[in-house]
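*Asks:* Next up, structure33.txt (compact mmCIF, C-alpha atoms and all ligand atoms).
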# COMPACT_ATOMS: atom_id res chain seq x y z
CA MET A 1 47.09 -27.65 39.89
CA LYS A 2 47.30 -24.31 41.67
CA ASN A 3 47.74 -21.24 39.50
CA TYR A 4 50.19 -18.50 40.42
CA LEU A 5 47.46 -16.29 41.90
CA ASP A 6 46.50 -19.03 44.37
CA THR A 7 50.17 -19.49 45.30
CA THR A 8 50.42 -15.73 45.83
CA ILE A 9 47.48 -15.81 48.22
CA ASP A 10 49.12 -18.69 50.15
CA VAL A 11 52.44 -16.83 50.38
CA TYR A 12 50.80 -13.69 51.76
CA ARG A 13 48.46 -15.58 54.06
CA LYS A 14 51.57 -16.99 55.75
CA ALA A 15 53.34 -13.61 55.64
CA ALA A 16 50.31 -12.08 57.40
CA GLU A 17 50.33 -14.67 60.16
CA THR A 18 54.10 -14.59 60.76
CA PRO A 19 56.20 -11.61 59.61
CA ASN A 20 58.70 -12.76 56.99
CA LEU A 21 61.73 -10.48 57.22
CA GLY A 22 63.33 -11.92 54.07
CA LEU A 23 60.28 -11.34 51.89
CA CYS A 24 60.91 -8.36 49.67
CA CYS A 25 63.25 -5.72 50.94
CA THR A 26 63.88 -2.09 50.28
CA THR A 27 66.94 0.08 50.45
CA THR A 28 64.68 3.14 50.46
CA PRO A 29 64.89 4.75 53.90
CA ILE A 30 61.69 4.62 55.94
CA TRP A 31 60.08 8.05 56.37
CA GLN A 32 61.18 9.76 59.59
CA LEU A 33 58.57 12.44 60.23
CA PRO A 34 57.62 14.54 63.27
CA ASP A 35 55.20 12.63 65.52
CA LEU A 36 55.10 9.59 63.24
CA LYS A 37 55.83 6.39 65.14
CA ILE A 38 55.72 3.16 63.19
CA PRO A 39 54.98 -0.04 65.16
CA LYS A 40 57.77 -2.62 65.01
CA ILE A 41 55.48 -5.19 63.44
CA MET A 42 54.76 -2.86 60.52
CA LEU A 43 58.50 -2.56 59.87
CA GLU A 44 58.84 -6.34 60.04
CA MET A 45 55.96 -6.63 57.56
CA ASN A 46 57.38 -4.10 55.14
CA TYR A 47 57.03 -6.20 52.01
CA GLY A 48 57.64 -3.33 49.62
CA CYS A 49 60.62 -2.60 47.37
CA GLY A 50 60.63 1.20 47.49
CA CYS A 51 58.44 4.06 48.64
CA THR A 52 55.15 5.29 47.19
CA VAL A 53 54.44 8.05 49.73
CA ASN A 54 55.44 11.49 48.54
CA PRO A 55 53.94 14.64 50.09
CA ARG A 56 54.05 16.32 46.68
CA ASP A 57 51.29 14.01 45.47
CA LEU A 58 49.12 14.64 48.49
CA VAL A 59 47.87 18.22 48.20
CA ASN A 60 44.14 19.18 48.26
CA ASN A 61 42.88 16.33 50.49
CA PRO A 62 43.19 13.55 47.95
CA LYS A 63 41.19 10.32 48.10
CA ILE A 64 43.94 7.70 48.31
CA LEU A 65 43.77 4.06 47.26
CA TYR A 66 46.43 1.58 48.37
CA ILE A 67 46.37 -1.78 46.56
CA GLY A 68 47.95 -4.72 48.43
CA VAL A 69 48.12 -3.48 52.02
CA GLY A 70 50.83 -5.70 53.59
CA GLY A 71 51.38 -4.74 57.23
CA GLY A 72 49.87 -1.29 56.59
CA MET A 73 53.00 0.85 56.99
CA GLU A 74 52.53 2.93 53.87
CA LEU A 75 48.81 3.38 54.59
CA LEU A 76 49.77 4.83 57.97
CA GLN A 77 52.24 7.13 56.19
CA PHE A 78 49.56 8.25 53.72
CA ALA A 79 47.16 8.81 56.63
CA TYR A 80 49.84 11.01 58.25
CA PHE A 81 49.38 13.45 55.38
CA SER A 82 45.59 13.17 55.01
CA ARG A 83 44.18 12.75 58.56
CA ASN A 84 40.52 12.45 57.58
CA LYS A 85 38.05 9.66 58.14
CA GLY A 86 38.15 7.24 55.19
CA SER A 87 40.70 9.28 53.26
CA VAL A 88 42.82 6.18 52.60
CA ILE A 89 41.23 3.03 51.17
CA GLY A 90 43.26 -0.17 51.44
CA VAL A 91 42.34 -3.10 49.18
CA ASP A 92 43.72 -6.62 49.58
CA VAL A 93 42.63 -10.04 48.42
CA VAL A 94 44.03 -11.88 51.46
CA ASP A 95 41.72 -11.82 54.50
CA GLU A 96 44.57 -12.59 56.90
CA MET A 97 46.54 -9.58 55.58
CA LEU A 98 43.53 -7.31 56.10
CA MET A 99 43.18 -8.64 59.65
CA ALA A 100 46.89 -8.21 60.37
CA SER A 101 46.99 -4.64 59.07
CA ARG A 102 43.82 -3.79 61.03
CA ALA A 103 45.52 -5.02 64.23
CA ASN A 104 48.65 -3.04 63.31
CA PHE A 105 46.58 0.15 62.93
CA VAL A 106 45.26 -0.34 66.47
CA GLN A 107 48.89 -0.45 67.69
CA ALA A 108 49.67 2.64 65.60
CA GLU A 109 46.71 4.45 67.15
CA ALA A 110 48.13 3.84 70.64
CA MET A 111 51.53 5.22 69.58
CA ASN A 112 50.41 8.22 67.48
CA PRO A 113 48.00 10.70 69.13
CA TRP A 114 47.13 12.26 65.74
CA PHE A 115 46.12 8.91 64.18
CA GLU A 116 42.69 7.26 64.18
CA SER A 117 42.17 3.84 62.61
CA ASN A 118 39.08 5.20 60.90
CA PHE A 119 41.29 7.35 58.64
CA ILE A 120 41.80 4.06 56.80
CA GLU A 121 39.01 2.01 55.25
CA LEU A 122 40.00 -1.58 54.49
CA LYS A 123 38.19 -3.46 51.72
CA ARG A 124 38.52 -7.04 50.54
CA GLY A 125 39.13 -6.94 46.82
CA ASN A 126 41.32 -7.89 43.93
CA ALA A 127 43.70 -5.61 42.05
CA LEU A 128 42.36 -7.25 38.88
CA ASN A 129 38.81 -6.17 39.63
CA LEU A 130 38.87 -3.25 42.05
CA PRO A 131 35.77 -2.75 44.22
CA LEU A 132 35.65 0.97 43.41
CA ASP A 133 33.76 3.32 41.12
CA ASN A 134 35.18 4.85 37.97
CA GLU A 135 37.11 8.09 38.48
CA SER A 136 36.74 8.06 42.27
CA ILE A 137 40.41 8.20 43.35
CA ASP A 138 43.04 10.97 43.26
CA VAL A 139 46.14 8.95 44.20
CA ALA A 140 46.47 5.19 43.81
CA ALA A 141 49.54 3.39 45.14
CA GLN A 142 50.91 -0.12 44.85
CA ASN A 143 54.23 -1.32 46.19
CA CYS A 144 55.73 -4.59 44.99
CA LEU A 145 52.44 -6.21 43.95
CA PHE A 146 51.99 -5.67 40.20
CA ASN A 147 55.35 -7.29 39.37
CA ILE A 148 53.85 -10.58 40.55
CA PHE A 149 51.23 -10.51 37.80
CA GLU A 150 51.75 -12.33 34.53
CA SER A 151 51.54 -10.20 31.40
CA ASP A 152 47.75 -10.21 30.79
CA ASP A 153 46.97 -9.74 34.49
CA LEU A 154 49.50 -6.91 34.75
CA LYS A 155 47.67 -5.10 31.93
CA LYS A 156 44.36 -5.81 33.69
CA ALA A 157 45.65 -4.41 37.02
CA LEU A 158 47.00 -1.27 35.34
CA LYS A 159 43.74 -0.75 33.41
CA GLU A 160 41.74 -1.19 36.61
CA THR A 161 43.86 1.41 38.38
CA PHE A 162 43.52 3.77 35.42
CA ARG A 163 39.73 3.26 35.48
CA VAL A 164 39.31 4.27 39.14
CA LEU A 165 41.59 7.32 38.90
CA LYS A 166 40.08 10.74 38.33
CA PRO A 167 41.41 12.76 35.38
CA HIS A 168 44.93 13.95 36.32
CA GLY A 169 44.97 11.37 39.13
CA ARG A 170 48.20 9.60 39.94
CA LEU A 171 49.34 6.02 40.18
CA VAL A 172 52.43 5.93 42.40
CA LEU A 173 54.18 2.60 42.28
CA SER A 174 57.29 0.77 43.28
CA ASP A 175 58.22 -2.52 41.65
CA PRO A 176 61.25 -4.60 40.73
CA ILE A 177 62.47 -4.40 37.13
CA CYS A 178 64.99 -6.56 35.29
CA GLU A 179 66.80 -5.75 32.06
CA GLN A 180 67.93 -9.36 31.49
CA LEU A 181 65.80 -12.11 30.07
CA MET A 182 64.35 -13.86 33.12
CA PRO A 183 64.98 -17.61 32.70
CA THR A 184 61.70 -19.41 31.93
CA ALA A 185 62.16 -21.80 34.85
CA LEU A 186 62.29 -18.85 37.26
CA LYS A 187 59.50 -16.93 35.54
CA ASN A 188 57.24 -19.98 35.82
CA ASP A 189 58.14 -20.67 39.45
CA HIS A 190 54.95 -19.51 41.19
CA THR A 191 56.55 -19.11 44.61
CA LEU A 192 59.45 -17.01 43.31
CA ARG A 193 56.98 -14.89 41.37
CA ALA A 194 54.83 -14.41 44.49
CA GLU A 195 57.98 -13.44 46.39
CA CYS A 196 58.60 -10.62 43.85
CA LEU A 197 61.75 -12.28 42.52
CA SER A 198 60.97 -13.47 39.02
CA GLY A 199 58.12 -11.43 37.52
CA ALA A 200 60.23 -8.31 36.90
CA ILE A 201 60.15 -6.84 33.38
CA PRO A 202 62.45 -4.24 31.75
CA LEU A 203 61.81 -0.59 32.60
CA GLN A 204 61.02 0.41 29.00
CA LYS A 205 58.42 -2.34 28.77
CA TYR A 206 56.81 -1.13 32.03
CA ILE A 207 56.70 2.45 30.71
CA GLU A 208 55.13 1.26 27.44
CA LEU A 209 52.42 -0.60 29.35
CA LEU A 210 51.59 2.53 31.36
CA THR A 211 51.53 4.86 28.37
CA GLY A 212 49.69 2.25 26.25
CA ILE A 213 46.86 2.32 28.79
CA GLY A 214 46.68 6.10 28.53
CA PHE A 215 48.86 7.68 31.23
CA GLY A 216 50.08 10.85 29.47
CA THR A 217 52.86 11.71 31.94
CA ILE A 218 55.34 9.35 33.55
CA GLU A 219 57.92 10.30 36.17
CA ILE A 220 60.74 7.90 36.99
CA ARG A 221 61.54 8.99 40.52
CA ALA A 222 64.07 6.40 41.63
CA ARG A 223 65.95 3.36 40.36
CA ARG A 224 67.96 1.30 42.81
CA PRO A 225 69.77 -2.03 43.07
CA TYR A 226 67.37 -4.62 44.52
CA ARG A 227 68.45 -8.27 44.33
CA VAL A 228 70.59 -10.77 42.45
CA LEU A 229 69.60 -14.31 41.55
CA SER A 230 72.82 -16.28 41.36
CA PRO A 231 73.38 -19.66 39.69
CA ASN A 232 74.48 -21.19 43.00
CA GLN A 233 71.12 -20.37 44.60
CA TYR A 234 68.63 -20.33 41.74
CA ASN A 235 67.89 -22.24 38.56
CA THR A 236 69.78 -19.89 36.26
CA ASP A 237 72.96 -20.12 34.15
CA GLU A 238 73.87 -16.48 34.61
CA LEU A 239 73.62 -14.01 37.47
CA ILE A 240 70.36 -12.08 37.19
CA TYR A 241 70.42 -8.49 38.45
CA ILE A 242 67.14 -6.96 39.62
CA GLU A 243 66.54 -3.28 40.35
CA SER A 244 63.60 -1.54 41.98
CA ILE A 245 61.92 1.58 40.65
CA GLU A 246 59.63 4.27 41.97
CA VAL A 247 57.32 5.69 39.31
CA CYS A 248 54.46 8.15 39.21
CA ALA A 249 52.10 7.70 36.24
CA ILE A 250 49.71 10.62 35.81
CA LYS A 251 46.34 10.34 34.07
CA ASP A 252 47.02 13.45 32.00
CA PRO A 253 45.56 13.53 28.49
CA MET A 254 47.92 11.92 25.98
CA PRO A 255 49.77 14.66 24.08
CA ASP A 256 49.37 14.46 20.27
CA ASP A 257 53.08 13.79 19.89
CA GLY A 258 53.17 11.03 22.51
CA PRO A 259 53.61 10.73 26.28
CA CYS A 260 55.93 12.87 28.39
CA VAL A 261 58.28 10.45 30.10
CA PHE A 262 60.64 12.06 32.59
CA THR A 263 63.65 9.86 33.26
CA GLY A 264 65.77 12.60 34.83
CA LYS A 265 67.25 14.24 31.72
CA THR A 266 68.29 17.87 32.00
CA ALA A 267 68.92 20.41 29.22
CA ILE A 268 71.39 23.31 29.66
CA TYR A 269 71.69 26.01 26.98
CA TYR A 270 75.26 27.33 26.78
CA GLY A 271 75.04 29.56 23.69
CA GLU A 272 75.72 33.31 23.54
CA ASP A 273 72.12 34.53 23.78
CA GLU A 274 70.29 35.16 27.02
CA PHE A 275 67.96 32.30 26.27
CA PHE A 276 67.02 29.78 23.63
CA ASP A 277 63.40 29.32 22.54
CA ASP A 278 62.46 26.31 20.42
CA ASN A 279 59.08 27.91 19.61
CA LYS A 280 57.38 24.79 20.94
CA GLY A 281 56.92 26.02 24.47
CA HIS A 282 60.46 25.42 25.77
CA THR A 283 62.55 28.40 26.78
CA LEU A 284 66.04 27.60 28.04
CA THR A 285 67.71 30.42 29.95
CA GLN A 286 71.48 30.56 29.39
CA ASN A 287 73.37 28.26 31.78
CA GLN A 288 70.22 27.28 33.70
CA PRO A 289 69.47 23.57 34.06
CA ILE A 290 65.95 22.57 33.12
CA SER A 291 64.37 19.14 33.49
CA VAL A 292 63.01 17.83 30.21
CA CYS A 293 61.06 14.75 29.25
CA ASP A 294 62.78 12.26 26.96
CA LYS A 295 60.73 13.42 23.95
CA THR A 296 61.83 17.04 24.40
CA ALA A 297 65.43 15.98 25.14
CA LYS A 298 65.54 14.14 21.81
CA ALA A 299 63.98 17.05 19.88
CA LEU A 300 66.39 19.59 21.43
CA ASN A 301 69.34 17.34 20.73
CA GLU A 302 68.34 17.03 17.07
CA LEU A 303 68.44 20.84 16.68
CA ASN A 304 72.25 20.71 16.94
CA LYS A 305 72.34 23.90 19.00
CA GLU A 306 74.53 24.71 22.00
CA ILE A 307 72.42 22.64 24.33
CA TYR A 308 73.83 20.02 26.67
CA ILE A 309 71.49 17.11 27.32
CA SER A 310 72.35 14.95 30.31
CA GLU A 311 71.89 11.21 30.51
CA SER A 312 68.84 9.89 32.36
CA THR A 313 69.47 9.95 36.10
CA PHE A 314 66.24 7.99 36.82
CA HIS A 315 65.76 10.45 39.63
CA TYR A 316 63.13 12.91 38.50
CA ASP A 317 61.37 14.78 41.24
CA GLY A 318 59.33 17.46 39.62
CA GLY A 319 59.75 20.68 37.75
CA GLY A 320 60.66 20.94 34.11
CA CYS A 321 59.48 22.40 30.89
CA CYS A 322 56.69 20.19 29.56
C1 LIG B 401 54.60 -7.85 48.25
S1 LIG B 401 53.25 -7.52 49.30
C2 LIG B 401 53.38 -5.78 49.41
C3 LIG B 401 52.67 -5.22 50.60
C4 LIG B 401 52.80 -3.71 50.79
N1 LIG B 401 52.52 -3.00 49.58
C5 LIG B 401 54.16 -3.32 51.32
O1 LIG B 401 54.83 -2.50 50.69
O2 LIG B 401 54.55 -3.82 52.36
C6 LIG B 401 51.85 -7.79 48.27
C7 LIG B 401 50.50 -7.48 48.90
O3 LIG B 401 49.47 -7.63 47.92
C8 LIG B 401 48.44 -8.48 48.38
N2 LIG B 401 47.89 -9.16 47.19
C9 LIG B 401 48.33 -10.25 46.56
N3 LIG B 401 47.60 -10.50 45.47
C10 LIG B 401 46.67 -9.50 45.39
C11 LIG B 401 45.63 -9.19 44.47
N4 LIG B 401 45.40 -9.94 43.39
N5 LIG B 401 44.87 -8.10 44.71
C12 LIG B 401 45.09 -7.32 45.82
N6 LIG B 401 46.06 -7.58 46.72
C13 LIG B 401 46.84 -8.64 46.50
C14 LIG B 401 49.13 -9.37 49.39
O4 LIG B 401 48.22 -9.91 50.31
C15 LIG B 401 50.11 -8.40 50.03
O5 LIG B 401 49.49 -7.65 51.05
Any chance you could give the structure as structure tokens?

*Replies:*
Amino acid sequence: MKNYLDTTIDVYRKAAETPNLGLCCTTTPIWQLPDLKIPKIMLEMNYGCGCTVNPRDLVNNPKILYIGVGGGMELLQFAYFSRNKGSVIGVDVVDEMLMASRANFVQAEAMNPWFESNFIELKRGNALNLPLDNESIDVAAQNCLFNIFESDDLKKALKETFRVLKPHGRLVLSDPICEQLMPTALKNDHTLRAECLSGAIPLQKYIELLTGIGFGTIEIRARRPYRVLSPNQYNTDELIYIESIEVCAIKDPMPDDGPCVFTGKTAIYYGEDEFFDDNKGHTLTQNQPISVCDKTAKALNELNKEIYISESTFHYDGGGCC
């Protein structure tokens, strides 16, 4: 009997040969950037569930790894910011997907005078055993692939990505999450799993996997509605709600008191003094919002001072006090 990884390869072999518009979908707007023209076929083969390309991650000519290339749209977007031969490495286990993305880059080259296909190096390889040296990558990205992996393989894929990242390197990812218990019948349906519909895990669990592997800083950049699995269409008694997230996990050393996880909490000191200093490196100027990680938010809250701590917005985009 086929295992789920074989089914996944079959699903993406077909999706490489004929674009499947219903396969994965994102409500994240596609980057509109000066002089960036995206071939129609890349849009049709957008099998992601969010966005992993963020110029903030792309300073100092980073070496970029993209795992699970799809039609190549995000690799083209990464190349837009890097523009050097071989600066983006794309790895995929499906030969047909590598061929399709290669053909799409040729189209992109004809439409974008700044772009050369050789900015992108395509390699056949598996996310579970990356064909790359230790600590050779600055920014690794995966969009809507790791959710497909069953628990042990997910850990393997995350560990592999961690291995190839340089110290302080970044894993930027987008994946579906689900806070409900996924019915076993759906979880074990290999095709649904391959289609990114039934492998989703809760956000907290995902964060724990990342920090358990050693990522010292986690940024939750976006959290959006993604799909529903309804009883009249799927083998489930209740409606299952799936969201998609965008996360950046940074290979910073693990702080002694645990990881810094930014979920979009903000602290605002509203006391009478000009500022409040917790003597642990956090200075809050009166009435000025400051982004804080969840650990700091909890510690500040426990001080019972005049400090307002917001709920998590799940929209953290940099800055802050840790
Ligand atoms: C859901 S698609 C996402 C494609 C792309 N990231 C996007 O946003 O359009 C998953 C991609 O991962 C590839 N893939 C599947 N299993 C893989 C594995 N074990 N290792 C590497 N790539 C894999 C598929 O061929 C496909 O290109």

*Asks:* Measuring between all atoms listed in the file, which one of A:Gly214, A:Gly68, A:Pro183, A:Pro176 shows the shortest distance to Pro202 in chain A?

*Replies:*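 Among A:Gly214, A:Gly68, A:Pro183, A:Pro176, it is A:Pro176 that comes nearest to Pro202 in chain A.
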
*Asks:* Select, from A:Tyr270, A:Phe81, A:Phe276, A:Tyr206, the residue with the minimum atom-to-atom distance to Glu306 in chain A, counting all atoms listed in the file.

*Replies:*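 Smallest distance to Glu306 in chain A is found for A:Tyr270.
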
*Asks:* Select, from A:Gly50, A:Pro34, A:Gly70, A:Pro39, the residue with the minimum atom-to-atom distance to Ala15 in chain A, counting all atoms listed in the file.

*Replies:*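 Checking each candidate against Ala15 in chain A, we get A:Gly70 as the closest.
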
*Asks:* Could you give me, as a Markdown table, every chain A residue with an atom at most 7 Å from ligand LIG 401 (chain B), plus its closest atom pair and distance in Å to one decimal, counting only C-alpha atoms and all ligand atoms, rows ordered by chain then number?

*Replies:*
| residue | atom | partner | partner_atom | distance |
| --- | --- | --- | --- | --- |
| A:Leu5 | CA | B:LIG401 | N3 | 6.8 |
| A:Thr8 | CA | B:LIG401 | C9 | 5.9 |
| A:Ile9 | CA | B:LIG401 | C9 | 5.9 |
| A:Tyr12 | CA | B:LIG401 | O4 | 4.8 |
| A:Arg13 | CA | B:LIG401 | O4 | 6.8 |
| A:Cys24 | CA | B:LIG401 | C1 | 6.5 |
| A:Met45 | CA | B:LIG401 | O2 | 6.1 |
| A:Asn46 | CA | B:LIG401 | O2 | 4.0 |
| A:Tyr47 | CA | B:LIG401 | O2 | 3.5 |
| A:Gly48 | CA | B:LIG401 | O1 | 3.1 |
| A:Cys49 | CA | B:LIG401 | O1 | 6.7 |
| A:Ile67 | CA | B:LIG401 | C12 | 5.7 |
| A:Gly68 | CA | B:LIG401 | O3 | 3.3 |
| A:Val69 | CA | B:LIG401 | O5 | 4.5 |
| A:Gly70 | CA | B:LIG401 | O5 | 3.5 |
| A:Gly71 | CA | B:LIG401 | O2 | 5.9 |
| A:Gly72 | CA | B:LIG401 | O2 | 6.8 |
| A:Met73 | CA | B:LIG401 | O2 | 6.8 |
| A:Glu74 | CA | B:LIG401 | O1 | 6.7 |
| A:Val91 | CA | B:LIG401 | C12 | 6.1 |
| A:Asp92 | CA | B:LIG401 | N6 | 3.8 |
| A:Val93 | CA | B:LIG401 | C12 | 4.5 |
| A:Val94 | CA | B:LIG401 | O4 | 4.8 |
| A:Met97 | CA | B:LIG401 | O4 | 5.5 |
| A:Gly125 | CA | B:LIG401 | C12 | 6.1 |
| A:Asn126 | CA | B:LIG401 | N5 | 3.6 |
| A:Ala127 | CA | B:LIG401 | N5 | 3.8 |
| A:Leu128 | CA | B:LIG401 | N4 | 6.1 |
| A:Gln142 | CA | B:LIG401 | N1 | 5.8 |
| A:Asn143 | CA | B:LIG401 | N1 | 4.2 |
| A:Cys144 | CA | B:LIG401 | C1 | 4.7 |
| A:Leu145 | CA | B:LIG401 | C6 | 4.6 |
| A:Glu195 | CA | B:LIG401 | C1 | 6.8 |
| A:Cys196 | CA | B:LIG401 | C1 | 6.6 |

*Asks:* Pull the neighbourhood of (58.4, -19.9, 36.9) for me: all residues within 12 Å in file coordinates, counting only C-alpha atoms, as a PyMOL selection string.

*Replies:* chain A and resi 3-4+7+148-150+182-200+234-236

*Asks:* Please save C-alpha atoms of the selected residues as a PDB file, in the frame of the given file.

*Replies:*
ATOM      1  CA  ASN A   3      47.740 -21.240  39.500  1.00  0.00           C
ATOM      2  CA  TYR A   4      50.190 -18.500  40.420  1.00  0.00           C
ATOM      3  CA  THR A   7      50.170 -19.490  45.300  1.00  0.00           C
ATOM      4  CA  ILE A 148      53.850 -10.580  40.550  1.00  0.00           C
ATOM      5  CA  PHE A 149      51.230 -10.510  37.800  1.00  0.00           C
ATOM      6  CA  GLU A 150      51.750 -12.330  34.530  1.00  0.00           C
ATOM      7  CA  MET A 182      64.350 -13.860  33.120  1.00  0.00           C
ATOM      8  CA  PRO A 183      64.980 -17.610  32.700  1.00  0.00           C
ATOM      9  CA  THR A 184      61.700 -19.410  31.930  1.00  0.00           C
ATOM     10  CA  ALA A 185      62.160 -21.800  34.850  1.00  0.00           C
ATOM     11  CA  LEU A 186      62.290 -18.850  37.260  1.00  0.00           C
ATOM     12  CA  LYS A 187      59.500 -16.930  35.540  1.00  0.00           C
ATOM     13  CA  ASN A 188      57.240 -19.980  35.820  1.00  0.00           C
ATOM     14  CA  ASP A 189      58.140 -20.670  39.450  1.00  0.00           C
ATOM     15  CA  HIS A 190      54.950 -19.510  41.190  1.00  0.00           C
ATOM     16  CA  THR A 191      56.550 -19.110  44.610  1.00  0.00           C
ATOM     17  CA  LEU A 192      59.450 -17.010  43.310  1.00  0.00           C
ATOM     18  CA  ARG A 193      56.980 -14.890  41.370  1.00  0.00           C
ATOM     19  CA  ALA A 194      54.830 -14.410  44.490  1.00  0.00           C
ATOM     20  CA  GLU A 195      57.980 -13.440  46.390  1.00  0.00           C
ATOM     21  CA  CYS A 196      58.600 -10.620  43.850  1.00  0.00           C
ATOM     22  CA  LEU A 197      61.750 -12.280  42.520  1.00  0.00           C
ATOM     23  CA  SER A 198      60.970 -13.470  39.020  1.00  0.00           C
ATOM     24  CA  GLY A 199      58.120 -11.430  37.520  1.00  0.00           C
ATOM     25  CA  ALA A 200      60.230  -8.310  36.900  1.00  0.00           C
ATOM     26  CA  TYR A 234      68.630 -20.330  41.740  1.00  0.00           C
ATOM     27  CA  ASN A 235      67.890 -22.240  38.560  1.00  0.00           C
ATOM     28  CA  THR A 236      69.780 -19.890  36.260  1.00  0.00           C
TER      29      THR A 236
END

*Asks:* List as a PyMOL selection string: which residues have an atom within 12 Å of (69.6, 14.9, 24.7), counting all atoms listed in the file?

*Replies:* chain A and resi 263-269+290-312

*Asks:* For C-alpha atoms, I'd like the residues from the last selection saved as an mmCIF file, in the coordinates of the input.

*Replies:*
data_model
loop_
_atom_site.group_PDB
_atom_site.id
_atom_site.type_symbol
_atom_site.label_atom_id
_atom_site.label_comp_id
_atom_site.auth_asym_id
_atom_site.auth_seq_id
_atom_site.Cartn_x
_atom_site.Cartn_y
_atom_site.Cartn_z
ATOM 1 C CA THR A 263 63.650 9.860 33.260
ATOM 2 C CA GLY A 264 65.770 12.600 34.830
ATOM 3 C CA LYS A 265 67.250 14.240 31.720
ATOM 4 C CA THR A 266 68.290 17.870 32.000
ATOM 5 C CA ALA A 267 68.920 20.410 29.220
ATOM 6 C CA ILE A 268 71.390 23.310 29.660
ATOM 7 C CA TYR A 269 71.690 26.010 26.980
ATOM 8 C CA ILE A 290 65.950 22.570 33.120
ATOM 9 C CA SER A 291 64.370 19.140 33.490
ATOM 10 C CA VAL A 292 63.010 17.830 30.210
ATOM 11 C CA CYS A 293 61.060 14.750 29.250
ATOM 12 C CA ASP A 294 62.780 12.260 26.960
ATOM 13 C CA LYS A 295 60.730 13.420 23.950
ATOM 14 C CA THR A 296 61.830 17.040 24.400
ATOM 15 C CA ALA A 297 65.430 15.980 25.140
ATOM 16 C CA LYS A 298 65.540 14.140 21.810
ATOM 17 C CA ALA A 299 63.980 17.050 19.880
ATOM 18 C CA LEU A 300 66.390 19.590 21.430
ATOM 19 C CA ASN A 301 69.340 17.340 20.730
ATOM 20 C CA GLU A 302 68.340 17.030 17.070
ATOM 21 C CA LEU A 303 68.440 20.840 16.680
ATOM 22 C CA ASN A 304 72.250 20.710 16.940
ATOM 23 C CA LYS A 305 72.340 23.900 19.000
ATOM 24 C CA GLU A 306 74.530 24.710 22.000
ATOM 25 C CA ILE A 307 72.420 22.640 24.330
ATOM 26 C CA TYR A 308 73.830 20.020 26.670
ATOM 27 C CA ILE A 309 71.490 17.110 27.320
ATOM 28 C CA SER A 310 72.350 14.950 30.310
ATOM 29 C CA GLU A 311 71.890 11.210 30.510
ATOM 30 C CA SER A 312 68.840 9.890 32.360
#

*Asks:* Please indicate the distance in Å from CA of Ile218 in chain A to CA of Asn147 in chain A, rounded to one decimal place.

*Replies:*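 Rounded to one decimal, the two atoms are 17.6 Å apart.
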
*Asks:* Please report the interatomic distance between CA of Ala140 in chain A and CA of Ala157 in chain A in Å with one decimal.

*Replies:* 11.8 Å

*Asks:* List the neighbours of Glu44 in chain A out to 8 Å using only C-alpha atoms; skip same-chain residues closer than 6 positions along the sequence, and give me the result as an MDAnalysis selection string.

*Replies:* chainID A and resid 19:21

*Asks:* Interatomic distance between CA of Ser87 in chain A and CA of Lys40 in chain A?

*Replies:* 23.9 Å

*Asks:* Using only C-alpha atoms, which residue out of A:Thr18, A:Asn54, A:Asn232, A:Asn134 lies closest to Cys248 in chain A?

*Replies:*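 Looking at the shortest contact to Cys248 in chain A, the residue is A:Asn54.
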
*Asks:* Determine the nearest neighbour of Asn84 in chain A from the options A:Val53, A:Leu284, A:Glu121, A:Glu96, counting only C-alpha atoms.

*Replies:*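 Looking at the shortest contact to Asn84 in chain A, the residue is A:Glu121.
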
*Asks:* Let me make sure I understand: among A:Ala222, A:Ala110, A:Val164, A:Cys178, which one has the smallest atom-to-atom distance to Leu239 in chain A if we use all atoms listed in the file?

*Replies:*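 Closest candidate: A:Cys178.
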